[in-house]
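Student: Structure file work34.txt (compact mmCIF, C-alpha atoms (C1' of nucleotides)) is given on the next line.
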# COMPACT_ATOMS: atom_id res chain seq x y z
CA MET A 1 6.88 33.12 20.58
CA GLY A 2 3.24 33.57 19.82
CA ILE A 3 0.28 31.35 20.28
CA PRO A 4 0.48 28.49 17.82
CA LYS A 5 -2.24 28.63 15.24
CA ARG A 6 -4.22 25.60 14.30
CA GLN A 7 -2.08 24.51 11.49
CA ASN A 8 -0.27 21.54 10.22
CA HIS A 9 2.38 22.65 7.85
CA LYS A 10 5.48 20.71 7.33
CA ASN A 11 7.51 21.56 10.36
CA GLY A 12 8.56 18.33 11.96
CA VAL A 13 8.73 15.04 10.16
CA LYS A 14 5.82 12.73 10.55
CA ILE A 15 7.06 9.53 12.04
CA GLY A 16 5.90 5.97 12.20
CA LEU A 17 6.83 3.49 14.87
CA GLY A 18 7.59 -0.08 13.93
CA GLU A 19 8.42 -3.21 15.81
CA LEU A 20 11.58 -5.25 15.32
CA SER A 21 10.19 -8.73 14.90
CA LEU A 22 6.97 -7.77 13.17
CA VAL A 23 8.77 -6.20 10.24
CA GLU A 24 10.63 -9.44 9.57
CA HIS A 25 7.62 -10.93 7.89
CA ALA A 26 4.36 -10.13 6.15
CA LEU A 27 1.33 -10.02 8.45
CA CYS A 28 -1.02 -10.95 5.63
CA PRO A 29 -1.01 -11.52 1.88
CA LEU A 30 -0.73 -8.44 -0.30
CA ASP A 31 -3.69 -9.56 -2.32
CA SER A 32 -6.78 -8.11 -0.72
CA ARG A 33 -8.97 -10.78 -2.21
CA ARG A 34 -7.22 -13.23 0.03
CA SER A 35 -6.35 -11.09 3.01
CA LEU A 36 -9.72 -9.43 3.47
CA SER A 37 -11.57 -12.68 3.87
CA GLU A 38 -13.16 -13.48 7.19
CA ASN A 39 -11.33 -15.75 9.60
CA LEU A 40 -8.04 -15.27 7.86
CA VAL A 41 -5.25 -17.40 9.24
CA HIS A 42 -1.89 -16.35 7.94
CA SER A 43 1.02 -18.64 8.77
CA ASN A 44 4.47 -17.40 8.09
CA ALA A 45 8.09 -18.04 9.00
CA TYR A 46 11.41 -16.26 8.97
CA PHE A 47 15.00 -16.80 10.00
CA TYR A 48 16.96 -15.20 12.79
CA THR A 49 20.31 -15.83 14.38
CA ASP A 50 20.37 -16.73 18.05
CA HIS A 51 23.03 -15.64 20.52
CA ASN A 52 25.25 -18.53 19.45
CA ARG A 53 25.10 -17.24 15.89
CA HIS A 54 23.06 -20.22 14.78
CA GLN A 55 20.43 -19.63 12.21
CA ARG A 56 16.99 -20.50 13.48
CA ASN A 57 13.48 -20.48 12.25
CA ALA A 58 10.60 -18.51 13.79
CA GLN A 59 7.03 -19.61 13.18
CA VAL A 60 4.35 -16.99 13.02
CA ARG A 61 0.61 -17.21 13.02
CA VAL A 62 -1.75 -14.32 12.51
CA ASN A 63 -5.44 -14.83 13.17
CA ALA A 64 -7.67 -12.14 11.79
CA PRO A 65 -11.39 -12.81 12.24
CA LEU A 66 -12.34 -9.91 9.98
CA GLY A 67 -9.34 -10.30 7.72
CA LEU A 68 -6.47 -7.88 7.51
CA SER A 69 -5.44 -5.58 4.72
CA ALA A 70 -1.83 -4.78 3.89
CA SER A 71 -2.78 -1.12 4.12
CA ASP A 72 -3.92 -1.60 7.72
CA GLU A 73 -0.26 -1.68 8.70
CA PHE A 74 -0.07 2.01 7.94
CA TYR A 75 -2.57 2.76 10.71
CA LEU A 76 -0.88 0.33 13.07
CA TRP A 77 2.54 1.99 12.80
CA GLY A 78 1.10 5.47 12.61
CA LEU A 79 -1.07 5.15 15.69
CA LEU A 80 1.78 3.62 17.63
CA ALA A 81 3.89 6.66 16.82
CA LEU A 82 1.11 9.02 17.83
CA THR A 83 0.82 7.19 21.12
CA CYS A 84 4.48 7.31 21.98
CA CYS A 85 4.92 10.93 20.94
CA GLN A 86 2.44 12.26 23.43
CA GLN A 87 3.78 14.44 26.19
CA LYS A 88 3.34 11.69 28.75
CA PRO A 89 3.03 8.45 26.81
CA THR A 90 0.83 5.70 28.17
CA ALA A 91 -0.48 2.57 26.52
CA GLU A 92 -3.68 4.44 25.78
CA LEU A 93 -4.32 6.98 23.11
CA PHE A 94 -7.26 9.32 23.42
CA ALA A 95 -7.84 11.20 20.22
CA THR A 96 -10.48 12.13 17.73
CA PRO A 97 -10.32 10.41 14.36
CA HIS A 98 -9.84 13.81 12.83
CA TYR A 99 -6.75 14.34 14.92
CA CYS A 100 -5.35 10.94 13.98
CA LEU A 101 -5.95 11.34 10.28
CA ARG A 102 -4.50 14.81 10.23
CA GLN A 103 -1.40 13.76 12.12
CA LEU A 104 -0.95 10.78 9.86
CA GLY A 105 -1.25 12.96 6.80
CA CYS A 106 -4.42 11.34 5.50
CA ILE A 107 -6.32 14.60 5.52
CA ASN A 108 -5.16 18.19 5.53
CA GLN A 109 -6.73 21.57 5.06
CA HIS A 110 -5.60 22.03 1.48
CA GLY A 111 -6.01 18.68 -0.17
CA LYS A 112 -9.66 18.28 0.59
CA ARG A 113 -10.52 14.78 1.48
CA GLY A 114 -13.40 13.49 3.41
CA GLY A 115 -15.64 10.72 4.50
CA ARG A 116 -13.94 7.77 2.95
CA GLN A 117 -10.80 8.33 4.97
CA TYR A 118 -12.81 8.16 8.17
CA ARG A 119 -14.56 5.01 7.10
CA LYS A 120 -11.33 3.30 6.06
CA PHE A 121 -9.77 4.29 9.33
CA ALA A 122 -12.63 2.89 11.38
CA GLU A 123 -12.66 -0.33 9.36
CA SER A 124 -8.93 -0.82 9.71
CA LEU A 125 -9.17 -0.20 13.40
CA GLU A 126 -11.87 -2.80 13.70
CA ARG A 127 -9.81 -5.38 11.83
CA LEU A 128 -6.66 -4.60 13.79
CA SER A 129 -8.44 -4.83 17.10
CA LEU A 130 -9.45 -8.42 16.42
CA VAL A 131 -6.06 -9.70 15.29
CA SER A 132 -4.30 -12.19 17.48
CA TYR A 133 -0.66 -12.76 16.80
CA SER A 134 1.60 -15.56 17.91
CA ASN A 135 5.26 -16.20 17.30
CA ASP A 136 7.45 -18.90 18.79
CA ALA A 137 10.66 -16.84 18.68
CA PHE A 138 9.76 -13.20 19.00
CA TYR A 139 12.66 -10.95 19.84
CA ASP A 140 12.20 -9.30 23.21
CA PRO A 141 14.31 -6.14 23.19
CA VAL A 142 13.86 -5.61 26.92
CA ARG A 143 15.32 -8.93 27.94
CA GLY A 144 17.49 -9.32 24.87
CA GLU A 145 16.28 -12.80 24.03
CA HIS A 146 13.82 -14.65 21.82
CA ARG A 147 10.57 -15.70 23.42
CA LYS A 148 7.35 -17.44 22.60
CA VAL A 149 4.62 -14.86 22.53
CA GLY A 150 0.95 -14.37 21.80
CA PHE A 151 -0.75 -11.02 21.86
CA GLY A 152 -3.24 -8.75 20.17
CA PHE A 153 -2.45 -5.30 18.91
CA LEU A 154 -5.06 -2.97 20.29
CA SER A 155 -8.57 -2.48 21.58
CA TYR A 156 -10.70 0.54 20.99
CA SER A 157 -13.80 2.21 22.25
CA LEU A 158 -15.43 5.00 20.36
CA PRO A 159 -18.62 7.01 20.55
CA VAL A 160 -21.53 5.36 18.81
CA ASN A 161 -22.71 8.67 17.48
CA LYS A 162 -20.63 9.48 14.43
CA ARG A 163 -20.95 13.21 14.87
CA SER A 164 -19.72 13.13 18.42
CA SER A 165 -16.61 15.18 19.10
CA ARG A 166 -15.69 12.97 22.00
CA ALA A 167 -12.34 11.30 21.67
CA TRP A 168 -11.81 7.73 20.62
CA LYS A 169 -9.87 5.57 22.98
CA ILE A 170 -7.25 3.20 21.67
CA ALA A 171 -5.65 0.89 24.19
CA TRP A 172 -2.60 -1.12 23.21
CA ASP A 173 -1.99 -4.66 24.28
CA PRO A 174 0.43 -4.37 27.21
CA ILE A 175 2.90 -6.96 25.97
CA PHE A 176 2.92 -5.65 22.43
CA PHE A 177 3.25 -2.10 23.69
CA GLU A 178 6.19 -2.97 25.87
CA PHE A 179 8.00 -4.44 22.89
CA CYS A 180 7.35 -1.35 20.82
CA MET A 181 8.34 1.18 23.44
CA SER A 182 11.46 -0.36 24.81
CA GLY A 183 13.91 2.46 25.27
CA SER A 184 16.74 3.06 22.92
CA GLN A 185 15.58 0.42 20.50
CA GLN A 186 12.50 2.35 19.43
CA PHE A 187 12.05 1.72 15.80
CA ARG A 188 11.17 4.96 14.06
CA PHE A 189 10.84 5.76 10.42
CA ASP A 190 9.68 8.52 8.15
CA LEU A 191 5.94 8.10 7.76
CA GLU A 192 5.73 10.34 4.69
CA VAL A 193 8.20 8.19 2.81
CA TYR A 194 6.38 5.09 3.99
CA ARG A 195 3.07 6.46 2.81
CA SER A 196 4.40 7.32 -0.61
CA LEU A 197 5.20 3.68 -1.30
CA ASP A 198 2.97 0.80 -2.28
CA CYS A 199 2.29 -1.94 0.22
CA ALA A 200 5.05 -4.30 -0.89
CA SER A 201 7.69 -1.55 -0.89
CA ARG A 202 6.46 -0.37 2.49
CA ARG A 203 7.23 -3.72 4.02
CA LEU A 204 10.67 -3.91 2.54
CA PHE A 205 11.33 -0.33 3.56
CA LEU A 206 10.63 -1.16 7.19
CA LEU A 207 12.79 -4.25 7.18
CA LEU A 208 15.64 -2.30 5.60
CA GLN A 209 15.12 0.54 8.03
CA LYS A 210 15.68 -1.95 10.79
CA MET A 211 18.74 -3.51 9.19
CA PHE A 212 20.37 -0.34 7.98
CA SER A 213 19.95 1.58 11.20
CA LYS A 214 22.35 -0.90 12.72
CA ARG A 215 25.04 0.56 10.51
CA LEU A 216 24.84 -2.38 8.17
CA GLU A 217 25.93 -1.44 4.68
CA GLU A 218 24.17 -4.16 2.78
CA ALA A 219 21.40 -6.68 3.13
CA ARG A 220 21.01 -10.07 1.52
CA PHE A 221 17.95 -12.19 0.93
CA GLU A 222 16.86 -15.27 -0.86
CA LEU A 223 14.50 -14.20 -3.60
CA ARG A 224 11.51 -16.42 -2.95
CA HIS A 225 11.67 -15.92 0.77
CA LEU A 226 11.81 -12.19 0.33
CA ALA A 227 8.93 -12.11 -2.11
CA VAL A 228 6.60 -14.48 -0.28
CA HIS A 229 7.39 -14.30 3.40
CA VAL A 230 8.64 -10.77 3.79
CA LEU A 231 6.63 -8.89 1.19
CA GLY A 232 3.55 -11.09 1.05
CA PHE A 233 3.29 -11.98 -2.63
CA SER A 234 1.41 -15.14 -3.39
CA GLU A 235 3.35 -18.35 -2.93
CA SER A 236 1.58 -19.82 -5.93
CA LEU A 237 3.33 -17.50 -8.35
CA PRO A 238 6.26 -18.85 -10.36
CA THR A 239 9.70 -17.63 -9.38
CA LYS A 240 9.99 -15.62 -12.56
CA THR A 241 6.95 -13.55 -11.76
CA LEU A 242 8.14 -13.01 -8.23
CA MET A 243 11.47 -11.86 -9.57
CA LYS A 244 9.73 -9.32 -11.78
CA LYS A 245 7.66 -8.06 -8.88
CA CYS A 246 10.68 -7.82 -6.64
CA LYS A 247 12.57 -5.85 -9.25
CA LYS A 248 9.73 -3.36 -9.41
CA THR A 249 9.71 -3.04 -5.65
CA LEU A 250 13.47 -2.52 -5.57
CA ALA A 251 13.19 0.13 -8.27
CA ARG A 252 10.73 2.02 -6.08
CA LEU A 253 13.12 1.93 -3.15
CA VAL A 254 15.89 3.20 -5.37
CA ASP A 255 13.67 6.12 -6.37
CA SER A 256 13.17 7.00 -2.71
CA GLY A 257 16.89 6.75 -2.00
CA ILE A 258 16.41 3.90 0.42
CA ILE A 259 18.77 1.63 -1.48
CA LYS A 260 21.59 2.40 -3.87
CA PRO A 261 20.94 1.90 -7.54
CA SER A 262 22.50 -1.21 -8.94
CA PRO A 263 22.49 -2.80 -12.38
CA GLN A 264 21.87 -6.17 -10.82
CA PHE A 265 20.19 -6.64 -7.47
CA ILE A 266 19.36 -10.22 -8.15
CA THR A 267 22.25 -12.52 -8.89
CA GLY A 268 22.03 -15.90 -10.51
CA LYS A 269 21.22 -19.16 -8.94
CA ARG A 270 23.30 -20.46 -6.16
CA GLY A 271 22.15 -23.80 -4.82
CA GLY A 272 19.00 -23.44 -6.82
CA ASN A 273 18.11 -20.11 -5.25
CA TYR A 274 18.34 -16.55 -6.45
CA ARG A 275 20.16 -14.13 -4.21
CA VAL A 276 19.11 -10.56 -3.66
CA ARG A 277 21.62 -8.02 -2.47
CA VAL A 278 20.89 -4.36 -1.74
CA GLU A 279 23.05 -1.58 -0.37
CA ARG A 280 22.09 1.15 2.00
CA GLY A 281 20.97 4.32 0.24
CA ALA A 282 21.32 8.02 0.83
CA TYR A 283 18.06 8.16 2.77
CA PHE A 284 19.75 6.75 5.85
CA ALA A 285 22.52 9.30 5.81
CA THR A 286 20.18 12.26 6.01
CA ARG A 287 17.33 11.08 8.16
CA ALA A 288 18.71 9.47 11.24
CA GLU A 289 16.47 11.32 13.68
CA PHE A 290 12.73 11.68 13.64
CA ARG A 291 10.90 13.90 16.03
CA LEU A 292 7.40 15.16 16.37
CA SER A 293 6.85 18.87 16.73
CA LYS A 294 5.91 20.12 20.14
CA ASP A 295 3.18 22.16 18.55
CA LEU A 296 0.17 22.42 20.80
CA THR A 297 -2.17 21.14 18.13
CA SER A 298 -0.10 17.99 18.02
CA SER A 299 -1.57 17.02 21.38
CA PRO A 300 -4.55 14.71 21.01
CA LEU A 301 -6.14 16.56 23.91
CA TYR A 302 -6.35 19.70 21.84
CA GLU A 303 -9.53 19.00 19.96
CA PRO A 304 -11.70 17.78 22.82
CA LEU A 305 -10.67 20.77 24.91
CA ALA A 306 -11.29 23.15 22.05
CA ALA A 307 -14.69 21.56 21.53
CA ILE A 308 -15.55 22.33 25.16
CA GLY A 309 -14.76 25.92 24.37
CA LEU A 310 -11.46 26.48 26.13
CA GLU A 311 -9.03 29.12 24.91
CA GLU A 312 -5.58 28.26 23.59
CA LEU A 313 -3.89 29.41 26.76
CA ALA A 314 -6.15 27.34 28.98
CA ILE A 315 -5.62 24.28 26.79
CA ARG A 316 -1.91 24.78 27.01
CA ARG A 317 -2.12 24.90 30.78
CA PHE A 318 -4.15 21.71 31.05
CA VAL A 319 -1.94 19.81 28.65
CA ARG A 320 1.15 20.89 30.54
CA ASP A 321 0.08 20.76 34.17
CA PHE A 322 -2.39 17.94 34.54
CA ASP A 323 -2.40 14.19 34.24
CA PRO A 324 -3.48 13.53 30.63
CA VAL A 325 -5.65 10.60 31.68
CA LEU A 326 -7.55 12.83 34.07
CA VAL A 327 -7.90 15.62 31.54
CA GLN A 328 -9.10 13.20 28.91
CA GLU A 329 -11.62 11.65 31.25
CA TRP A 330 -13.21 14.91 32.28
CA ALA A 331 -13.12 16.23 28.75
CA ASP A 332 -15.10 13.19 27.75
CA ILE A 333 -17.55 13.65 30.62
CA THR A 334 -18.05 17.29 29.69
CA LEU A 335 -18.52 16.56 26.02
CA ALA A 336 -20.88 13.70 26.78
CA ALA A 337 -22.92 16.04 28.97
CA MET A 338 -22.97 18.66 26.23
CA GLU A 339 -24.11 16.15 23.68
CA ARG A 340 -26.66 14.30 25.72
CA LYS A 341 -27.89 16.64 28.40
CA GLY A 342 -27.66 19.98 26.67
CA LYS A 343 -26.72 23.42 27.90
CA LYS A 344 -29.20 23.42 30.77
CA PHE A 345 -27.09 20.77 32.47
CA PHE A 346 -24.38 23.30 33.24
CA ARG A 347 -24.92 25.85 36.01
CA ARG A 348 -22.54 28.28 34.34
CA SER A 349 -20.86 26.85 31.28
CA PRO A 350 -19.21 23.67 30.02
CA GLN A 351 -15.83 25.34 30.37
CA ALA A 352 -16.41 26.20 34.01
CA TYR A 353 -17.73 22.71 34.67
CA PHE A 354 -14.66 21.14 33.12
CA VAL A 355 -12.15 23.41 34.82
CA ASP A 356 -13.68 23.00 38.24
CA ASN A 357 -13.95 19.24 37.97
CA VAL A 358 -10.42 18.67 36.73
CA GLN A 359 -9.02 20.78 39.52
CA GLN A 360 -11.10 18.99 42.12
CA ALA A 361 -10.32 15.59 40.66
CA ALA A 362 -6.62 16.37 40.64
CA GLN A 363 -6.89 16.98 44.38
CA GLY A 364 -8.50 13.60 44.66
CA ASN A 365 -11.88 14.83 45.89
CA ARG A 366 -14.04 14.23 42.87
CA THR A 367 -14.82 11.13 40.84
CA PRO A 368 -16.66 10.71 37.53
CA PRO A 369 -20.46 10.91 37.85
CA ASP A 370 -22.57 7.77 37.84
CA TRP A 371 -24.51 8.69 34.71
CA TRP A 372 -21.27 8.81 32.76
CA GLN A 373 -20.11 5.43 34.07
CA GLU A 374 -23.44 3.98 33.03
CA LEU A 375 -23.24 5.62 29.67
CA ARG A 376 -19.85 4.07 29.11
CA HIS A 377 -21.13 0.67 30.12
CA SER A 378 -24.06 0.87 27.78
CA GLU A 379 -21.79 2.02 24.97
CA ASN A 380 -19.50 -0.92 25.56
CA ARG A 381 -22.44 -3.25 25.66
CA GLU A 382 -23.67 -2.02 22.32
CA LYS A 383 -20.28 -2.39 20.82
CA ARG A 384 -20.04 -5.96 22.02
CA MET A 385 -23.48 -6.70 20.71
CA GLY A 386 -22.72 -5.11 17.41
CA GLN A 387 -19.43 -6.77 16.72
CA PRO A 388 -19.19 -10.52 16.64
CA ALA A 389 -22.46 -11.17 14.91
CA SER A 390 -22.17 -8.77 11.99
CA PRO A 391 -19.12 -6.93 10.74
CA THR A 392 -21.01 -3.65 10.62
CA PRO A 393 -18.78 -0.66 9.98
CA VAL A 394 -17.91 0.70 13.36
CA GLY A 395 -19.42 4.13 13.09
CA GLU A 396 -22.79 2.80 12.10
CA ILE A 397 -23.72 0.51 14.93
CA ILE A 398 -26.96 1.64 16.42
CA THR A 399 -27.64 5.25 16.97
CA GLN A 400 -31.31 4.83 17.63
CA VAL A 401 -30.90 2.94 20.87
CA LEU A 402 -29.35 5.94 22.46
CA GLY A 403 -31.86 8.27 20.92
CA GLY A 404 -34.08 7.83 23.94
CA ILE A 405 -31.54 9.04 26.44
CA SER A 406 -31.43 12.57 25.23
CA GLY A 407 -33.48 14.62 22.88
CA ASP A 408 -30.91 17.09 21.69
CA GLU A 409 -27.88 15.09 20.78
CA ALA A 410 -28.02 16.19 17.20
CA LYS A 411 -26.71 19.61 17.94
CA THR A 412 -23.08 19.94 18.81
C1' DT B 1 2.96 -30.07 -28.21
C1' DG B 2 4.69 -27.76 -24.19
C1' DG B 3 6.10 -23.76 -22.37
C1' DT B 4 6.29 -18.77 -22.04
C1' DT B 5 4.35 -14.17 -22.36
C1' DA B 6 0.62 -10.70 -22.83
C1' DT B 7 -3.81 -9.22 -21.66
C1' DC B 8 -8.26 -8.92 -19.26
C1' DG B 9 -11.29 -8.76 -15.21
C1' DT B 10 -12.21 -7.79 -10.47
C1' DG B 11 -12.11 -5.63 -6.10
C1' DA B 12 -9.25 -2.76 -2.89
C1' DA B 13 -7.07 1.42 -2.46
C1' DG B 14 -5.02 6.04 -3.41
C1' DA B 15 -4.88 10.71 -5.84
C1' DC B 16 -7.27 14.62 -7.05
C1' DG B 17 -10.82 17.79 -8.32
C1' DA B 18 -15.69 19.50 -7.97
C1' DT B 19 -19.23 20.60 -4.88
C1' DG B 20 -21.98 21.61 -0.74
C1' DC C 1 -14.39 21.33 6.46
C1' DA C 2 -16.86 16.76 4.73
C1' DT C 3 -18.55 14.17 0.76
C1' DC C 4 -18.44 12.09 -3.75
C1' DG C 5 -17.20 10.95 -8.52
C1' DT C 6 -13.65 9.48 -11.35
C1' DC C 7 -9.28 8.00 -12.84
C1' DT C 8 -5.25 5.25 -11.87
C1' DT C 9 -2.60 1.59 -9.73
C1' DC C 10 -2.14 -2.91 -7.70
C1' DA C 11 -2.38 -8.25 -7.10
C1' DC C 12 -3.23 -12.19 -9.37
C1' DG C 13 -6.17 -15.87 -11.40
C1' DA C 14 -7.89 -16.89 -15.90
C1' DT C 15 -7.60 -16.78 -20.61
C1' DA C 16 -5.57 -15.87 -24.99
C1' DA C 17 -1.63 -15.24 -27.93
C1' DC C 18 2.78 -16.47 -29.11
C1' DC C 19 6.88 -19.30 -30.22
C1' DA C 20 10.04 -22.98 -30.86
What does this structure look like when you write it as structure tokens?

Tutor:
Amino acid sequence: MGIPKRQNHKNGVKIGLGELSLVEHALCPLDSRRSLSENLVHSNAYFYTDHNRHQRNAQVRVNAPLGLSASDEFYLWGLLALTCCQQKPTAELFATPHYCLRQLGCINQHGKRGGRQYRKFAESLERLSLVSYSNDAFYDPVRGEHRKVGFGFLSYSLPVNKRSSRAWKIAWDPIFFEFCMSGSQQFRFDLEVYRSLDCASRRLFLLLQKMFSKRLEEARFELRHLAVHVLGFSESLPTKTLMKKCKKTLARLVDSGIIKPSPQFITGKRGGNYRVRVERGAYFATRAEFRLSKDLTSSPLYEPLAAIGLEELAIRRFVRDFDPVLVQEWADITLAAMERKGKKFFRRSPQAYFVDNVQQAAQGNRTPPDWWQELRHSENREKRMGQPASPTPVGEIITQVLGGISGDEAKT
DNA sequence: TGGTTATCGTGAAGACGATG
DNA sequence: CATCGTCTTCACGATAACCA
């Protein structure tokens, strides 16, 4: 077996990681005019059966100070999967945006796509980080019961300088993360299929993925509930329109093999309501397992280490043998020093500096330098200053302030 | 007249190619 | 590899067209 090249061809299915209760309902309206408004409050409800087989109602509330787009869910599920597929998963993901977007299939070396993807990503991240979610009957897979919960999704910290090759840090809310990670229940799905769908179909796909992976053969819904509360269509639309929209969504899922074709998914009124019935499609027969490749470049540590100038073999060794948190930390210190202090900072080379420090730190006899701690503090301060007042796109908050610290940060 | 259906406009978002 | 222009799709309120 040779040294893996920096590549990203289609070995290994890209996966997404969902969450059982969250896919029961829409997190925001599909219509961006409504969902991307500031201080969005989205109230929703869905039904579940408790352990006595009684049907109960769960009330959901999503607060999104910067709004929330239906397409943000793609990043949420994708980043969760990236986090849990690391060699030693923790609730923190250190990765460059380039790494994330490449892993998620948003950019690749053939289809040339650029700046907009990065901006969308940063904006979504900003919106997601501010969301607070509450649910009075959230299913807790660890304890096997429904609980009242309130949590956020994630926090982030990223270099102010857009050109920086230092990794972004994404930290998941501990309670949310625990729900997502809980052992055998991990909710995985094919991210490529997900991506190929429109937002409404994506939501239904996830819900069906959840239902059909339990060996269920069919799923039933009430039309209006499905359209409004699960998919996120506007409640103000007449039932007829919703039916049309649902039919379109179902047709898409048929095309992807997620549900079986049927001449009539929606059957006539019963008790004043339309019933929707779908059957499990071929997709679930063929794609039970999703795994990420163990390719070296699929480690988020790869890019920072490569940016320091380490060889493939050395990177492999660090990824395999050292605590990823430690490696990430010293990679960040080294890159920060390269960007802000220049070459003269290093007695020999950045590589030597990094290698020596990680080894010493692993022994427990070296801690991060003070200048780096201060740098981090000042970066956090700026971020806090930049955020609540104005919804400035993340990458663009202040670069001048830091200009004074170092003269040669432009060159990387 | 009342109700249904078709179409337009707007802003978000994705696909894809050209270019630097 | 990043960036941008352009074309298409989507949701859905508003308006117009249609029909009994």

Student: Return the padded bounding box of range 350-367 of chain A as lines of an AutoDock Vina configuration file: axis-aligned, built from all atoms listed in the file, 5 Å added on each side, with centre and edge lengths in Å to one decimal.

Tutor:
center_x = -12.9
center_y = 18.7
center_z = 38.0
size_x = 22.6
size_y = 25.1
size_z = 25.9

Student: Give as a tab-separated table (two decimals) with C-alpha atoms (C1' of nucleotides), in the coordinates of the input every residue of chain C that touches chain A within 6 Å, counting all atoms listed in the file.

Tutor:
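Wrote it out as iface.tsv, contents follow:
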chain	number	residue	atom	x	y	z
C	2	DA	C1'	-16.86	16.76	4.73
C	3	DT	C1'	-18.55	14.17	0.76
C	11	DA	C1'	-2.38	-8.25	-7.10

Student: One decimal, in Å: what's the spacing between CA of Arg127 in chain A and CA of His42 in chain A?

Tutor: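 About the pair CA of Arg127 in chain A and CA of His42 in chain A: they are 14.1 Å apart.
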
Student: What is the distance between CA of Ala285 in chain A and CA of Leu250 in chain A, in Å to one decimal?

Tutor: 18.7 Å

Student: Show which residues sit within 9 Å of Gln59 in chain A, as a VMD selection string. Count all atoms listed in the file, and ignore same-chain residues fewer than 4 positions away.

Tutor: chain A and resid 43 to 46 134 to 137

Student: Which residues of chain B sit at most 10 Å from chain A, using all atoms listed in the file? Give each one's shortest atom pair and distance in Å (one decimal place), in chain and ascending residue order, as a tab-separated table.

Tutor:
residue	atom	partner	partner_atom	distance
B:DT10	C1'	A:Arg33	CA	9.4
B:DG11	C1'	A:Arg33	CA	7.2
B:DA12	C1'	A:Ser32	CA	6.3
B:DA13	C1'	A:Ser71	CA	8.3
B:DG14	C1'	A:Asp198	CA	9.6
B:DA15	C1'	A:Gly111	CA	9.8
B:DC16	C1'	A:Gly111	CA	8.1
B:DG17	C1'	A:Lys112	CA	9.0

Student: Measuring atom to atom with all atoms listed in the file, identify which of A:Trp172, A:Phe265, A:Phe153, A:Phe121 is nearest to Phe74 in chain A.

Tutor: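 Selected residue with least distance to Phe74 in chain A: A:Phe121.
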
Student: In Å, how far is it from CA of Leu93 in chain A to CA of Ile170 in chain A?

Tutor: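 About the pair CA of Leu93 in chain A and CA of Ile170 in chain A: they are 5.0 Å apart.
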
Student: Give me the residues within 8 Å of Pro304 in chain A as a PDB file with C-alpha atoms, keeping the file's coordinate frame, counting all atoms listed in the file and dropping any in the same chain fewer than 5 places off.

Tutor:
ATOM      1  CA  THR A  96     -10.480  12.130  17.730  1.00  0.00           C
ATOM      2  CA  SER A 165     -16.610  15.180  19.100  1.00  0.00           C
ATOM      3  CA  ARG A 166     -15.690  12.970  22.000  1.00  0.00           C
ATOM      4  CA  ALA A 167     -12.340  11.300  21.670  1.00  0.00           C
ATOM      5  CA  ALA A 331     -13.120  16.230  28.750  1.00  0.00           C
ATOM      6  CA  ASP A 332     -15.100  13.190  27.750  1.00  0.00           C
ATOM      7  CA  LEU A 335     -18.520  16.560  26.020  1.00  0.00           C
TER       8      LEU A 335
END

Student: Counting all atoms listed in the file, which of A:Val60, A:Gly281, A:Arg275, A:Leu326 gets nearest to Gly364 in chain A?

Tutor: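 Looking only at the distances to Gly364 in chain A, the closest residue turns out to be A:Leu326.
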
Student: Could you list, as JSON, numbers by chain, every residue within 9 Å of Leu76 in chain A, counting only C-alpha atoms (C1' of nucleotides) and ignoring same-chain residues fewer than 2 positions away?

Tutor: {"A": [16, 17, 18, 72, 73, 74, 78, 79, 80, 81, 124, 125, 128, 153, 154]}

Student: Write the selection just made, keeping C-alpha atoms, as a CSV table (one decimal), keeping the file's coordinate frame?

Tutor:
chain,number,residue,atom,x,y,z
A,16,GLY,CA,5.9,6.0,12.2
A,17,LEU,CA,6.8,3.5,14.9
A,18,GLY,CA,7.6,-0.1,13.9
A,72,ASP,CA,-3.9,-1.6,7.7
A,73,GLU,CA,-0.3,-1.7,8.7
A,74,PHE,CA,-0.1,2.0,7.9
A,78,GLY,CA,1.1,5.5,12.6
A,79,LEU,CA,-1.1,5.2,15.7
A,80,LEU,CA,1.8,3.6,17.6
A,81,ALA,CA,3.9,6.7,16.8
A,124,SER,CA,-8.9,-0.8,9.7
A,125,LEU,CA,-9.2,-0.2,13.4
A,128,LEU,CA,-6.7,-4.6,13.8
A,153,PHE,CA,-2.4,-5.3,18.9
A,154,LEU,CA,-5.1,-3.0,20.3
